[in-house]
Amino acid sequence: MVAKVAASRAIGAVSARAGHGGTNLPGRAVLALDKGIIGRSASGFNKGSIVVSATNGKTTTCAMIASILTKERLSVTRNREGANLAAGVASALLKESSMTGRPCADVGLFEVDEAAFPEVACQVAPRVALLMNLFRDQLDRYGELEHIAGLWRAALRSMSSSTTKVLNADDPLVAAMAGVRPEKTLYFGIEDTAAGSGIMQHASDSKYCTVCGHPFDYDAIYMGHMGRYHCSRCGNSRPSPTVYADEVELQGMHGSRFRLVTPAGEIPVEISLPGLYNLYNALAAAAACFALDIRLKSIVAGLAEFSAAFGRVEEISIDGQRVMLLLVKNPAGFNEVIRTLAMEPGKKTLMLALNDRIADGRDISWIWDADLEQLTPAAAHVVASGTRAWEMAMRLKYAGVSHEVLEVQPDLGQALKAALEMIGSDEKLYVLPTYTAMLALRHEISQHFRIDRQLEDLVWK
């Protein structure tokens with residue numbers, strides 16, 4: 001075991017020095033030598049492990065959970081760089097364990113790709129399995145939602161009865177997974193009906209009864225197909241959540257407030273991340289930590305002090321100009337970003353960066369399901385960029401963006417520079433990139449900007 005760990009760490013060090021991050025290669029190497037290493041290593045956490053999977057919000061939610069666990073004075077091993085396949089989880093375990101492979105932390109926390117969830121979760125044997133949502137995403141890779149849901153159900157069947165399933169009550173397809181193994185299930189959701197839009201979005205997915213196939217009736221629609229639903233034909237309905245948000249107050253780009261209600265008590269919570277989608281992330285993190293017996297005061301403190309990872313609702317300053325980075329990767333997430341931006345007053349300068357690399361999904365037809373028409377009235381200037389810049393420009397034209405305010409610049413660095421020149425000193429640039437475009441932007445910023453550590457600004461070189 002010692003030799004395997006040493007060899008894998010050496011591979012990781014070489015990979016990192018070569019600029020590849022070292023987040024997957026060590027794991028691939030050790031899994032080739034020992035397929036059972038994830039299970040043996042993960043069994044050593046004295047407080048157990050949390051495995052998190054979802055279409056949207058995995059990375060942010062895991063970071064929120066880590067912030068909460070830190071407040072509880074618990075050390076955490078996690079795949080913080082977002083390498084969420086089996087190799088990434090194995091790499092994280094190797095990096096933060098002893099030479100014998102035994103974890104040095106109290107808790108294992110692993111973000112897991114939707115399709116990789118069965119493989120990883122069954123090896124980790126988590127104390128808590130958090131399943132947050134299922135939206136259409138990368139159809140060329142995942143297929144339809146029912147395919148992923150089937151993989152998740154099979155994984156839950158094979159899991160230990162000691163695992164607590166933390167499920168989103170507001171997502172019909174996720175909530176129905178409690179039927180696989182009803183024991184030890186904790187639901188989370190939103191109880192404030194006023195937080196919903198009342199309008200079913202074009203991109204809504206799982207809006208049919210999971211029992212009889214009849215269309216659900218909704219008393220409130222929060223995000224995509226998520227809401228308070230019931231079937232008028234068979235009586236199937238949304239389960240009552242154990243951990244929930246009430247008295248929701250969305251404050252645009254400034255964040256949100258809500259009352260967190262749990263069996264241990266209720267308390268007001270304020271988060272700095274905008275949008276109902278980030279409120280769901282916070283609620284999921286709170287529910288998972290509650291299932292791990294974390295104190296309520298640590299949950300609230302961890303959420304209050306949390307700030308987003310790079311590109312996921314992050315504000316930076318470039319040459320004294322404010323730039324907001326908002327990751328978009330599928331219709332549901334895109335629509336929530338649009339909804340949040342629409343709450344901000346005034347016209348906006350936007351940069352939309354669309355890539356079609358493997359991690360984004362080669363099929364970009366999903367942009368036609370995003371309700372960009374709702375953003376058009378607020379668009380003062382728009383720059384379309386990325387490997388599929390022209391397709392994004394065409395979608396924007398159909399959404400009603402005139403050619404007078406639209407510029408196409410496939411090169412991300414040049415597009416960012418052009419967009420910065422369009423905003424005034426008191427204005428903000430909103431950048432909406434897909435996943436690999438976000439990573440490429442980070443590289444462009446590191447290459448072409450310098451950090452003024454006194455002003456904490458990024459300044460163009």
# chains A, B, ... in the order shown; residues from 1 in each chain; ligands from 1
>>> residues_around(residues="Val313 (chain A)", least_positions_apart="4", cutoff="7 Å", atoms="only C-alpha atoms", output="PyMOL selection string")
chain A and resi 273+308+324-327
>>> write_last_selection(atoms="C-alpha atoms", output="PDB file, in the first residue's frame")
ATOM      1  CA  LEU A 273     -24.593  34.584  -3.226  1.00  0.00           C
ATOM      2  CA  ALA A 308     -18.202  31.532  -4.125  1.00  0.00           C
ATOM      3  CA  MET A 324     -19.192  39.655 -12.259  1.00  0.00           C
ATOM      4  CA  LEU A 325     -18.580  36.047 -13.379  1.00  0.00           C
ATOM      5  CA  LEU A 326     -21.702  33.851 -13.528  1.00  0.00           C
ATOM      6  CA  LEU A 327     -21.293  30.255 -14.705  1.00  0.00           C
TER       7      LEU A 327
END
>>> residues_around(residues="region 412-424 of chain A", least_positions_apart="2", cutoff="12 Å", atoms="only C-alpha atoms", output="PDB file with N, CA and C atoms, in the first residue's frame")
ATOM      1  N   SER A 317     -12.214  42.733  -9.651  1.00  0.00           N
ATOM      2  CA  SER A 317     -11.952  44.072 -10.166  1.00  0.00           C
ATOM      3  C   SER A 317     -10.805  44.000 -11.162  1.00  0.00           C
ATOM      4  N   ILE A 318     -11.053  44.443 -12.379  1.00  0.00           N
ATOM      5  CA  ILE A 318     -10.050  44.429 -13.440  1.00  0.00           C
ATOM      6  C   ILE A 318      -9.778  45.861 -13.869  1.00  0.00           C
ATOM      7  N   ASP A 319      -8.568  46.315 -13.601  1.00  0.00           N
ATOM      8  CA  ASP A 319      -8.178  47.679 -13.941  1.00  0.00           C
ATOM      9  C   ASP A 319      -9.177  48.688 -13.372  1.00  0.00           C
ATOM     10  N   GLY A 320      -9.623  48.418 -12.150  1.00  0.00           N
ATOM     11  CA  GLY A 320     -10.552  49.303 -11.479  1.00  0.00           C
ATOM     12  C   GLY A 320     -11.997  49.139 -11.898  1.00  0.00           C
ATOM     13  N   GLN A 321     -12.258  48.222 -12.821  1.00  0.00           N
ATOM     14  CA  GLN A 321     -13.623  47.999 -13.300  1.00  0.00           C
ATOM     15  C   GLN A 321     -14.178  46.697 -12.728  1.00  0.00           C
ATOM     16  N   ARG A 322     -15.423  46.745 -12.311  1.00  0.00           N
ATOM     17  CA  ARG A 322     -16.040  45.590 -11.668  1.00  0.00           C
ATOM     18  C   ARG A 322     -16.544  44.586 -12.701  1.00  0.00           C
ATOM     19  N   VAL A 323     -16.224  43.312 -12.462  1.00  0.00           N
ATOM     20  CA  VAL A 323     -16.631  42.235 -13.359  1.00  0.00           C
ATOM     21  C   VAL A 323     -17.283  41.134 -12.529  1.00  0.00           C
ATOM     22  N   MET A 324     -18.479  40.733 -12.925  1.00  0.00           N
ATOM     23  CA  MET A 324     -19.192  39.655 -12.259  1.00  0.00           C
ATOM     24  C   MET A 324     -19.179  38.426 -13.157  1.00  0.00           C
ATOM     25  N   LEU A 325     -18.648  37.303 -12.641  1.00  0.00           N
ATOM     26  CA  LEU A 325     -18.580  36.047 -13.379  1.00  0.00           C
ATOM     27  C   LEU A 325     -19.710  35.134 -12.914  1.00  0.00           C
ATOM     28  N   LYS A 347     -29.627  49.258 -17.550  1.00  0.00           N
ATOM     29  CA  LYS A 347     -29.062  48.518 -18.669  1.00  0.00           C
ATOM     30  C   LYS A 347     -27.730  47.883 -18.265  1.00  0.00           C
ATOM     31  N   LYS A 348     -27.362  46.798 -18.961  1.00  0.00           N
ATOM     32  CA  LYS A 348     -26.168  46.048 -18.579  1.00  0.00           C
ATOM     33  C   LYS A 348     -25.306  45.733 -19.790  1.00  0.00           C
ATOM     34  N   THR A 349     -23.992  45.676 -19.548  1.00  0.00           N
ATOM     35  CA  THR A 349     -23.054  45.186 -20.552  1.00  0.00           C
ATOM     36  C   THR A 349     -22.775  43.725 -20.245  1.00  0.00           C
ATOM     37  N   LEU A 350     -22.934  42.872 -21.254  1.00  0.00           N
ATOM     38  CA  LEU A 350     -22.842  41.427 -21.056  1.00  0.00           C
ATOM     39  C   LEU A 350     -21.797  40.818 -21.982  1.00  0.00           C
ATOM     40  N   MET A 351     -21.118  39.801 -21.480  1.00  0.00           N
ATOM     41  CA  MET A 351     -20.258  38.969 -22.315  1.00  0.00           C
ATOM     42  C   MET A 351     -20.710  37.530 -22.118  1.00  0.00           C
ATOM     43  N   LEU A 352     -21.152  36.881 -23.204  1.00  0.00           N
ATOM     44  CA  LEU A 352     -21.615  35.498 -23.161  1.00  0.00           C
ATOM     45  C   LEU A 352     -20.599  34.636 -23.888  1.00  0.00           C
ATOM     46  N   ALA A 353     -19.982  33.698 -23.175  1.00  0.00           N
ATOM     47  CA  ALA A 353     -18.915  32.869 -23.746  1.00  0.00           C
ATOM     48  C   ALA A 353     -19.376  31.416 -23.815  1.00  0.00           C
ATOM     49  N   LEU A 354     -19.601  30.929 -25.026  1.00  0.00           N
ATOM     50  CA  LEU A 354     -20.130  29.579 -25.258  1.00  0.00           C
ATOM     51  C   LEU A 354     -19.053  28.687 -25.867  1.00  0.00           C
ATOM     52  N   ASN A 355     -18.660  27.647 -25.124  1.00  0.00           N
ATOM     53  CA  ASN A 355     -17.738  26.627 -25.629  1.00  0.00           C
ATOM     54  C   ASN A 355     -18.474  25.312 -25.832  1.00  0.00           C
ATOM     55  N   ALA A 380     -27.464  46.631 -22.822  1.00  0.00           N
ATOM     56  CA  ALA A 380     -26.929  47.847 -23.438  1.00  0.00           C
ATOM     57  C   ALA A 380     -25.887  47.488 -24.493  1.00  0.00           C
ATOM     58  N   HIS A 381     -24.980  46.549 -24.140  1.00  0.00           N
ATOM     59  CA  HIS A 381     -23.963  46.032 -25.059  1.00  0.00           C
ATOM     60  C   HIS A 381     -23.808  44.546 -24.773  1.00  0.00           C
ATOM     61  N   VAL A 382     -23.572  43.756 -25.831  1.00  0.00           N
ATOM     62  CA  VAL A 382     -23.378  42.318 -25.658  1.00  0.00           C
ATOM     63  C   VAL A 382     -22.210  41.865 -26.532  1.00  0.00           C
ATOM     64  N   VAL A 383     -21.289  41.121 -25.931  1.00  0.00           N
ATOM     65  CA  VAL A 383     -20.187  40.509 -26.670  1.00  0.00           C
ATOM     66  C   VAL A 383     -20.373  39.001 -26.616  1.00  0.00           C
ATOM     67  N   ALA A 384     -20.428  38.354 -27.789  1.00  0.00           N
ATOM     68  CA  ALA A 384     -20.521  36.899 -27.875  1.00  0.00           C
ATOM     69  C   ALA A 384     -19.137  36.338 -28.142  1.00  0.00           C
ATOM     70  N   SER A 385     -18.735  35.324 -27.355  1.00  0.00           N
ATOM     71  CA  SER A 385     -17.382  34.792 -27.466  1.00  0.00           C
ATOM     72  C   SER A 385     -17.398  33.283 -27.292  1.00  0.00           C
ATOM     73  N   GLY A 386     -16.205  32.686 -27.359  1.00  0.00           N
ATOM     74  CA  GLY A 386     -16.043  31.249 -27.191  1.00  0.00           C
ATOM     75  C   GLY A 386     -15.942  30.517 -28.511  1.00  0.00           C
ATOM     76  N   THR A 387     -15.777  29.193 -28.426  1.00  0.00           N
ATOM     77  CA  THR A 387     -15.622  28.388 -29.640  1.00  0.00           C
ATOM     78  C   THR A 387     -16.880  28.390 -30.502  1.00  0.00           C
ATOM     79  N   ARG A 388     -18.028  28.669 -29.887  1.00  0.00           N
ATOM     80  CA  ARG A 388     -19.279  28.739 -30.653  1.00  0.00           C
ATOM     81  C   ARG A 388     -19.895  30.132 -30.533  1.00  0.00           C
ATOM     82  N   ALA A 389     -19.034  31.129 -30.677  1.00  0.00           N
ATOM     83  CA  ALA A 389     -19.469  32.523 -30.542  1.00  0.00           C
ATOM     84  C   ALA A 389     -20.549  32.888 -31.542  1.00  0.00           C
ATOM     85  N   VAL A 405     -25.894  46.634 -30.925  1.00  0.00           N
ATOM     86  CA  VAL A 405     -25.338  46.463 -29.581  1.00  0.00           C
ATOM     87  C   VAL A 405     -24.589  45.139 -29.441  1.00  0.00           C
ATOM     88  N   LEU A 406     -24.537  44.351 -30.533  1.00  0.00           N
ATOM     89  CA  LEU A 406     -23.935  43.012 -30.472  1.00  0.00           C
ATOM     90  C   LEU A 406     -22.599  42.969 -31.195  1.00  0.00           C
ATOM     91  N   GLU A 407     -21.589  42.442 -30.517  1.00  0.00           N
ATOM     92  CA  GLU A 407     -20.274  42.246 -31.122  1.00  0.00           C
ATOM     93  C   GLU A 407     -19.876  40.789 -30.954  1.00  0.00           C
ATOM     94  N   VAL A 408     -19.256  40.214 -31.980  1.00  0.00           N
ATOM     95  CA  VAL A 408     -18.803  38.827 -31.932  1.00  0.00           C
ATOM     96  C   VAL A 408     -17.283  38.801 -31.933  1.00  0.00           C
ATOM     97  N   GLN A 409     -16.697  38.180 -30.901  1.00  0.00           N
ATOM     98  CA  GLN A 409     -15.248  38.050 -30.787  1.00  0.00           C
ATOM     99  C   GLN A 409     -14.944  36.680 -30.181  1.00  0.00           C
ATOM    100  N   PRO A 410     -14.640  35.685 -31.022  1.00  0.00           N
ATOM    101  CA  PRO A 410     -14.413  34.321 -30.515  1.00  0.00           C
ATOM    102  C   PRO A 410     -13.275  34.213 -29.508  1.00  0.00           C
ATOM    103  N   ASP A 426     -18.506  53.617 -13.390  1.00  0.00           N
ATOM    104  CA  ASP A 426     -19.439  53.241 -12.325  1.00  0.00           C
ATOM    105  C   ASP A 426     -20.335  52.072 -12.724  1.00  0.00           C
ATOM    106  N   GLU A 427     -19.999  51.394 -13.831  1.00  0.00           N
ATOM    107  CA  GLU A 427     -20.812  50.291 -14.306  1.00  0.00           C
ATOM    108  C   GLU A 427     -20.119  48.957 -14.046  1.00  0.00           C
ATOM    109  N   LYS A 428     -20.838  47.875 -14.292  1.00  0.00           N
ATOM    110  CA  LYS A 428     -20.330  46.533 -14.049  1.00  0.00           C
ATOM    111  C   LYS A 428     -20.486  45.697 -15.312  1.00  0.00           C
ATOM    112  N   LEU A 429     -19.494  44.853 -15.576  1.00  0.00           N
ATOM    113  CA  LEU A 429     -19.557  43.913 -16.683  1.00  0.00           C
ATOM    114  C   LEU A 429     -20.005  42.553 -16.149  1.00  0.00           C
ATOM    115  N   TYR A 430     -21.005  41.968 -16.803  1.00  0.00           N
ATOM    116  CA  TYR A 430     -21.495  40.651 -16.413  1.00  0.00           C
ATOM    117  C   TYR A 430     -21.011  39.632 -17.445  1.00  0.00           C
ATOM    118  N   VAL A 431     -20.216  38.666 -17.006  1.00  0.00           N
ATOM    119  CA  VAL A 431     -19.662  37.648 -17.889  1.00  0.00           C
ATOM    120  C   VAL A 431     -20.340  36.320 -17.589  1.00  0.00           C
ATOM    121  N   LEU A 432     -20.971  35.724 -18.607  1.00  0.00           N
ATOM    122  CA  LEU A 432     -21.690  34.467 -18.458  1.00  0.00           C
ATOM    123  C   LEU A 432     -20.997  33.402 -19.307  1.00  0.00           C
ATOM    124  N   PRO A 433     -20.058  32.638 -18.744  1.00  0.00           N
ATOM    125  CA  PRO A 433     -19.323  31.631 -19.506  1.00  0.00           C
ATOM    126  C   PRO A 433     -19.827  30.210 -19.224  1.00  0.00           C
ATOM    127  N   THR A 434     -19.678  29.329 -20.197  1.00  0.00           N
ATOM    128  CA  THR A 434     -19.849  27.908 -19.925  1.00  0.00           C
ATOM    129  C   THR A 434     -18.596  27.406 -19.208  1.00  0.00           C
ATOM    130  N   THR A 436     -15.839  25.288 -19.610  1.00  0.00           N
ATOM    131  CA  THR A 436     -14.461  25.397 -20.085  1.00  0.00           C
ATOM    132  C   THR A 436     -14.114  26.834 -20.470  1.00  0.00           C
ATOM    133  N   ALA A 437     -15.104  27.625 -20.860  1.00  0.00           N
ATOM    134  CA  ALA A 437     -14.854  29.047 -21.120  1.00  0.00           C
ATOM    135  C   ALA A 437     -14.472  29.757 -19.822  1.00  0.00           C
ATOM    136  N   MET A 438     -15.102  29.358 -18.722  1.00  0.00           N
ATOM    137  CA  MET A 438     -14.756  29.925 -17.421  1.00  0.00           C
ATOM    138  C   MET A 438     -13.307  29.602 -17.067  1.00  0.00           C
ATOM    139  N   LEU A 439     -12.900  28.348 -17.291  1.00  0.00           N
ATOM    140  CA  LEU A 439     -11.520  27.956 -16.994  1.00  0.00           C
ATOM    141  C   LEU A 439     -10.537  28.694 -17.901  1.00  0.00           C
ATOM    142  N   ALA A 440     -10.902  28.839 -19.160  1.00  0.00           N
ATOM    143  CA  ALA A 440     -10.033  29.560 -20.094  1.00  0.00           C
ATOM    144  C   ALA A 440      -9.922  31.033 -19.719  1.00  0.00           C
ATOM    145  N   LEU A 441     -11.005  31.614 -19.226  1.00  0.00           N
ATOM    146  CA  LEU A 441     -10.958  33.005 -18.773  1.00  0.00           C
ATOM    147  C   LEU A 441     -10.026  33.163 -17.586  1.00  0.00           C
ATOM    148  N   ARG A 442     -10.066  32.182 -16.685  1.00  0.00           N
ATOM    149  CA  ARG A 442      -9.144  32.230 -15.548  1.00  0.00           C
ATOM    150  C   ARG A 442      -7.696  32.242 -16.046  1.00  0.00           C
ATOM    151  N   HIS A 443      -7.426  31.429 -17.061  1.00  0.00           N
ATOM    152  CA  HIS A 443      -6.078  31.398 -17.631  1.00  0.00           C
ATOM    153  C   HIS A 443      -5.743  32.732 -18.291  1.00  0.00           C
ATOM    154  N   GLU A 444      -6.684  33.295 -19.043  1.00  0.00           N
ATOM    155  CA  GLU A 444      -6.454  34.590 -19.697  1.00  0.00           C
ATOM    156  C   GLU A 444      -6.156  35.672 -18.666  1.00  0.00           C
ATOM    157  N   ILE A 445      -6.913  35.672 -17.585  1.00  0.00           N
ATOM    158  CA  ILE A 445      -6.706  36.684 -16.543  1.00  0.00           C
ATOM    159  C   ILE A 445      -5.327  36.524 -15.919  1.00  0.00           C
ATOM    160  N   SER A 446      -4.924  35.269 -15.644  1.00  0.00           N
ATOM    161  CA  SER A 446      -3.612  35.043 -15.026  1.00  0.00           C
ATOM    162  C   SER A 446      -2.477  35.406 -15.968  1.00  0.00           C
ATOM    163  N   GLN A 447      -2.711  35.258 -17.293  1.00  0.00           N
ATOM    164  CA  GLN A 447      -1.667  35.541 -18.269  1.00  0.00           C
ATOM    165  C   GLN A 447      -1.576  37.018 -18.627  1.00  0.00           C
ATOM    166  N   HIS A 448      -2.707  37.699 -18.672  1.00  0.00           N
ATOM    167  CA  HIS A 448      -2.743  39.055 -19.219  1.00  0.00           C
ATOM    168  C   HIS A 448      -3.080  40.145 -18.206  1.00  0.00           C
ATOM    169  N   PHE A 449      -3.256  39.764 -16.962  1.00  0.00           N
ATOM    170  CA  PHE A 449      -3.507  40.744 -15.916  1.00  0.00           C
ATOM    171  C   PHE A 449      -2.508  40.528 -14.789  1.00  0.00           C
ATOM    172  N   VAL A 459      -5.131  44.079 -12.981  1.00  0.00           N
ATOM    173  CA  VAL A 459      -4.885  45.177 -13.907  1.00  0.00           C
ATOM    174  C   VAL A 459      -4.295  44.627 -15.197  1.00  0.00           C
ATOM    175  N   TRP A 460      -4.815  45.062 -16.345  1.00  0.00           N
ATOM    176  CA  TRP A 460      -4.340  44.593 -17.646  1.00  0.00           C
ATOM    177  C   TRP A 460      -2.877  44.903 -17.839  1.00  0.00           C
ATOM    178  N   LYS A 461      -2.112  43.874 -18.205  1.00  0.00           N
ATOM    179  CA  LYS A 461      -0.664  44.084 -18.453  1.00  0.00           C
ATOM    180  C   LYS A 461      -0.452  44.807 -19.769  1.00  0.00           C
TER     181      LYS A 461
END
>>> atom_distance(atom1="CA of Ser158 (chain A)", atom2="CA of Leu69 (chain A)")
27.7 Å
>>> select_by_dssp(residues="region 10-116 of chain A", states="alpha helix (DSSP H)", output="PyMOL selection string")
chain A and resi 10-17+25-33+37-42+58-71+86-95
>>> write_last_selection(atoms="C-alpha atoms", output="PDB file, in the first residue's frame")
ATOM      1  CA  ALA A  10       5.018  11.149  -7.377  1.00  0.00           C
ATOM      2  CA  ILE A  11       2.925  11.007 -10.547  1.00  0.00           C
ATOM      3  CA  GLY A  12       0.721  13.756  -9.151  1.00  0.00           C
ATOM      4  CA  ALA A  13       3.683  15.978  -8.344  1.00  0.00           C
ATOM      5  CA  VAL A  14       5.070  15.591 -11.869  1.00  0.00           C
ATOM      6  CA  SER A  15       1.630  16.286 -13.362  1.00  0.00           C
ATOM      7  CA  ALA A  16       1.188  19.423 -11.242  1.00  0.00           C
ATOM      8  CA  ARG A  17       4.638  20.754 -12.203  1.00  0.00           C
ATOM      9  CA  LEU A  25      -3.687  11.325 -13.006  1.00  0.00           C
ATOM     10  CA  PRO A  26      -2.589  10.044  -9.555  1.00  0.00           C
ATOM     11  CA  GLY A  27      -6.039   8.559  -9.026  1.00  0.00           C
ATOM     12  CA  ARG A  28      -6.018   6.869 -12.409  1.00  0.00           C
ATOM     13  CA  ALA A  29      -2.627   5.362 -11.606  1.00  0.00           C
ATOM     14  CA  VAL A  30      -3.560   3.987  -8.207  1.00  0.00           C
ATOM     15  CA  LEU A  31      -6.940   2.665  -9.437  1.00  0.00           C
ATOM     16  CA  ALA A  32      -5.096   0.755 -12.166  1.00  0.00           C
ATOM     17  CA  LEU A  33      -3.040  -0.893  -9.413  1.00  0.00           C
ATOM     18  CA  ILE A  37      -8.468   1.708  -2.769  1.00  0.00           C
ATOM     19  CA  ILE A  38     -11.307   4.280  -2.617  1.00  0.00           C
ATOM     20  CA  GLY A  39     -13.409   2.061  -0.374  1.00  0.00           C
ATOM     21  CA  ARG A  40     -10.567   1.162   1.976  1.00  0.00           C
ATOM     22  CA  SER A  41      -9.343   4.743   2.299  1.00  0.00           C
ATOM     23  CA  ALA A  42     -12.816   6.250   2.737  1.00  0.00           C
ATOM     24  CA  LYS A  58     -22.316  20.451  -6.755  1.00  0.00           C
ATOM     25  CA  THR A  59     -19.156  22.526  -6.439  1.00  0.00           C
ATOM     26  CA  THR A  60     -20.766  25.441  -4.613  1.00  0.00           C
ATOM     27  CA  THR A  61     -22.688  23.177  -2.235  1.00  0.00           C
ATOM     28  CA  CYS A  62     -19.585  21.148  -1.351  1.00  0.00           C
ATOM     29  CA  ALA A  63     -17.694  24.358  -0.640  1.00  0.00           C
ATOM     30  CA  MET A  64     -20.571  25.492   1.602  1.00  0.00           C
ATOM     31  CA  ILE A  65     -20.518  22.170   3.467  1.00  0.00           C
ATOM     32  CA  ALA A  66     -16.751  22.484   3.945  1.00  0.00           C
ATOM     33  CA  SER A  67     -17.231  25.997   5.363  1.00  0.00           C
ATOM     34  CA  ILE A  68     -19.809  24.649   7.828  1.00  0.00           C
ATOM     35  CA  LEU A  69     -17.640  21.705   8.894  1.00  0.00           C
ATOM     36  CA  THR A  70     -14.754  24.078   9.529  1.00  0.00           C
ATOM     37  CA  LYS A  71     -16.988  26.042  11.908  1.00  0.00           C
ATOM     38  CA  ALA A  86     -13.598   8.181  -9.556  1.00  0.00           C
ATOM     39  CA  ALA A  87     -10.027   9.166 -10.425  1.00  0.00           C
ATOM     40  CA  GLY A  88     -10.528  12.635  -8.922  1.00  0.00           C
ATOM     41  CA  VAL A  89     -11.916  11.187  -5.701  1.00  0.00           C
ATOM     42  CA  ALA A  90      -9.021   8.712  -5.495  1.00  0.00           C
ATOM     43  CA  SER A  91      -6.529  11.549  -6.067  1.00  0.00           C
ATOM     44  CA  ALA A  92      -8.086  13.606  -3.252  1.00  0.00           C
ATOM     45  CA  LEU A  93      -7.925  10.639  -0.882  1.00  0.00           C
ATOM     46  CA  LEU A  94      -4.283   9.979  -1.761  1.00  0.00           C
ATOM     47  CA  LYS A  95      -3.274  13.624  -1.438  1.00  0.00           C
TER      48      LYS A  95
END
>>> residues_around(residues="Leu151 (chain A)", least_positions_apart="3", cutoff="8 Å", atoms="only C-alpha atoms", output="list in words")
Ala115, Phe117, Pro118, His147, Ile148, Ala154 and Ala155 of chain A
>>> closest_atom_pairs(of="region 42-125 of chain A", to="region 160-182 of chain A", cutoff="12 Å", atoms="only C-alpha atoms", output="Markdown table")
| residue | atom | partner | partner_atom | distance |
| --- | --- | --- | --- | --- |
| A:Gly48 | CA | A:Thr163 | CA | 9.9 |
| A:Ser49 | CA | A:Thr163 | CA | 9.7 |
| A:Ile50 | CA | A:Thr163 | CA | 9.5 |
| A:Val51 | CA | A:Lys165 | CA | 10.0 |
| A:Val52 | CA | A:Val166 | CA | 9.4 |
| A:Ser53 | CA | A:Leu167 | CA | 10.5 |
| A:Ala54 | CA | A:Val174 | CA | 9.6 |
| A:Thr55 | CA | A:Val174 | CA | 11.3 |
| A:Ala121 | CA | A:Thr163 | CA | 10.3 |
| A:Cys122 | CA | A:Ser160 | CA | 8.5 |
| A:Gln123 | CA | A:Ser160 | CA | 10.7 |
| A:Val124 | CA | A:Ser160 | CA | 10.5 |
| A:Ala125 | CA | A:Ser160 | CA | 6.8 |
>>> write_last_selection(atoms="C-alpha atoms", output="short mmCIF file (atom, residue, chain, number, x, y, z; two decimals), in the first residue's frame")
data_model
loop_
_atom_site.label_atom_id
_atom_site.label_comp_id
_atom_site.auth_asym_id
_atom_site.auth_seq_id
_atom_site.Cartn_x
_atom_site.Cartn_y
_atom_site.Cartn_z
CA GLY A 48 -17.89 9.34 7.90
CA SER A 49 -18.24 10.78 4.40
CA ILE A 50 -20.68 12.93 2.44
CA VAL A 51 -21.15 12.26 -1.27
CA VAL A 52 -22.87 15.03 -3.27
CA SER A 53 -24.32 14.74 -6.77
CA ALA A 54 -26.55 16.98 -8.90
CA THR A 55 -26.77 18.56 -12.30
CA ALA A 121 -20.88 6.20 -3.83
CA CYS A 122 -20.89 2.41 -3.62
CA GLN A 123 -17.14 2.41 -2.94
CA VAL A 124 -17.16 5.30 -0.47
CA ALA A 125 -20.19 3.90 1.46
#
>>> residues_around(residues="His230 (chain A)", least_positions_apart="2", cutoff="12 Å", atoms="only C-alpha atoms", output="JSON, numbers by chain")
{"A": [169, 170, 171, 172, 207, 208, 209, 210, 211, 212, 213, 214, 215, 216, 217, 218, 219, 220, 221, 226, 227, 228, 232, 233, 234, 235, 236, 237, 238, 239, 240]}
>>> write_last_selection(atoms="C-alpha atoms", output="PDB file, in the first residue's frame")
ATOM      1  CA  ALA A 169     -38.393  17.343  -1.977  1.00  0.00           C
ATOM      2  CA  ASP A 170     -39.054  19.997  -4.650  1.00  0.00           C
ATOM      3  CA  ASP A 171     -37.568  17.928  -7.511  1.00  0.00           C
ATOM      4  CA  PRO A 172     -40.092  15.173  -8.373  1.00  0.00           C
ATOM      5  CA  LYS A 207     -43.049  17.818 -14.788  1.00  0.00           C
ATOM      6  CA  TYR A 208     -44.897  14.501 -15.082  1.00  0.00           C
ATOM      7  CA  CYS A 209     -45.963  12.229 -12.236  1.00  0.00           C
ATOM      8  CA  THR A 210     -43.313   9.633 -11.422  1.00  0.00           C
ATOM      9  CA  VAL A 211     -46.048   7.103 -10.589  1.00  0.00           C
ATOM     10  CA  CYS A 212     -48.662   7.391 -13.372  1.00  0.00           C
ATOM     11  CA  GLY A 213     -47.185   9.819 -15.919  1.00  0.00           C
ATOM     12  CA  HIS A 214     -49.971  12.380 -15.640  1.00  0.00           C
ATOM     13  CA  PRO A 215     -48.869  16.065 -15.709  1.00  0.00           C
ATOM     14  CA  PHE A 216     -48.268  17.452 -12.225  1.00  0.00           C
ATOM     15  CA  ASP A 217     -50.336  20.339 -10.892  1.00  0.00           C
ATOM     16  CA  TYR A 218     -48.153  22.974  -9.227  1.00  0.00           C
ATOM     17  CA  ASP A 219     -49.128  25.175  -6.279  1.00  0.00           C
ATOM     18  CA  ALA A 220     -45.756  26.952  -6.598  1.00  0.00           C
ATOM     19  CA  ILE A 221     -42.926  26.753  -9.149  1.00  0.00           C
ATOM     20  CA  MET A 226     -38.899  22.249  -8.947  1.00  0.00           C
ATOM     21  CA  GLY A 227     -41.735  23.368  -6.724  1.00  0.00           C
ATOM     22  CA  ARG A 228     -44.808  22.259  -4.758  1.00  0.00           C
ATOM     23  CA  SER A 232     -54.619  14.965  -9.547  1.00  0.00           C
ATOM     24  CA  ARG A 233     -54.923  11.461 -11.027  1.00  0.00           C
ATOM     25  CA  CYS A 234     -53.119   9.189  -8.532  1.00  0.00           C
ATOM     26  CA  GLY A 235     -52.544  11.463  -5.529  1.00  0.00           C
ATOM     27  CA  ASN A 236     -48.743  11.352  -5.667  1.00  0.00           C
ATOM     28  CA  SER A 237     -47.400  14.599  -4.192  1.00  0.00           C
ATOM     29  CA  ARG A 238     -44.360  16.429  -2.928  1.00  0.00           C
ATOM     30  CA  PRO A 239     -43.174  15.046   0.418  1.00  0.00           C
ATOM     31  CA  SER A 240     -43.009  17.408   3.387  1.00  0.00           C
TER      32      SER A 240
END
>>> closest_residue(among="A:Tyr187, A:Phe135, A:Trp152, A:Phe290", to="Phe334 (chain A)", atoms="only C-alpha atoms")
A:Phe135
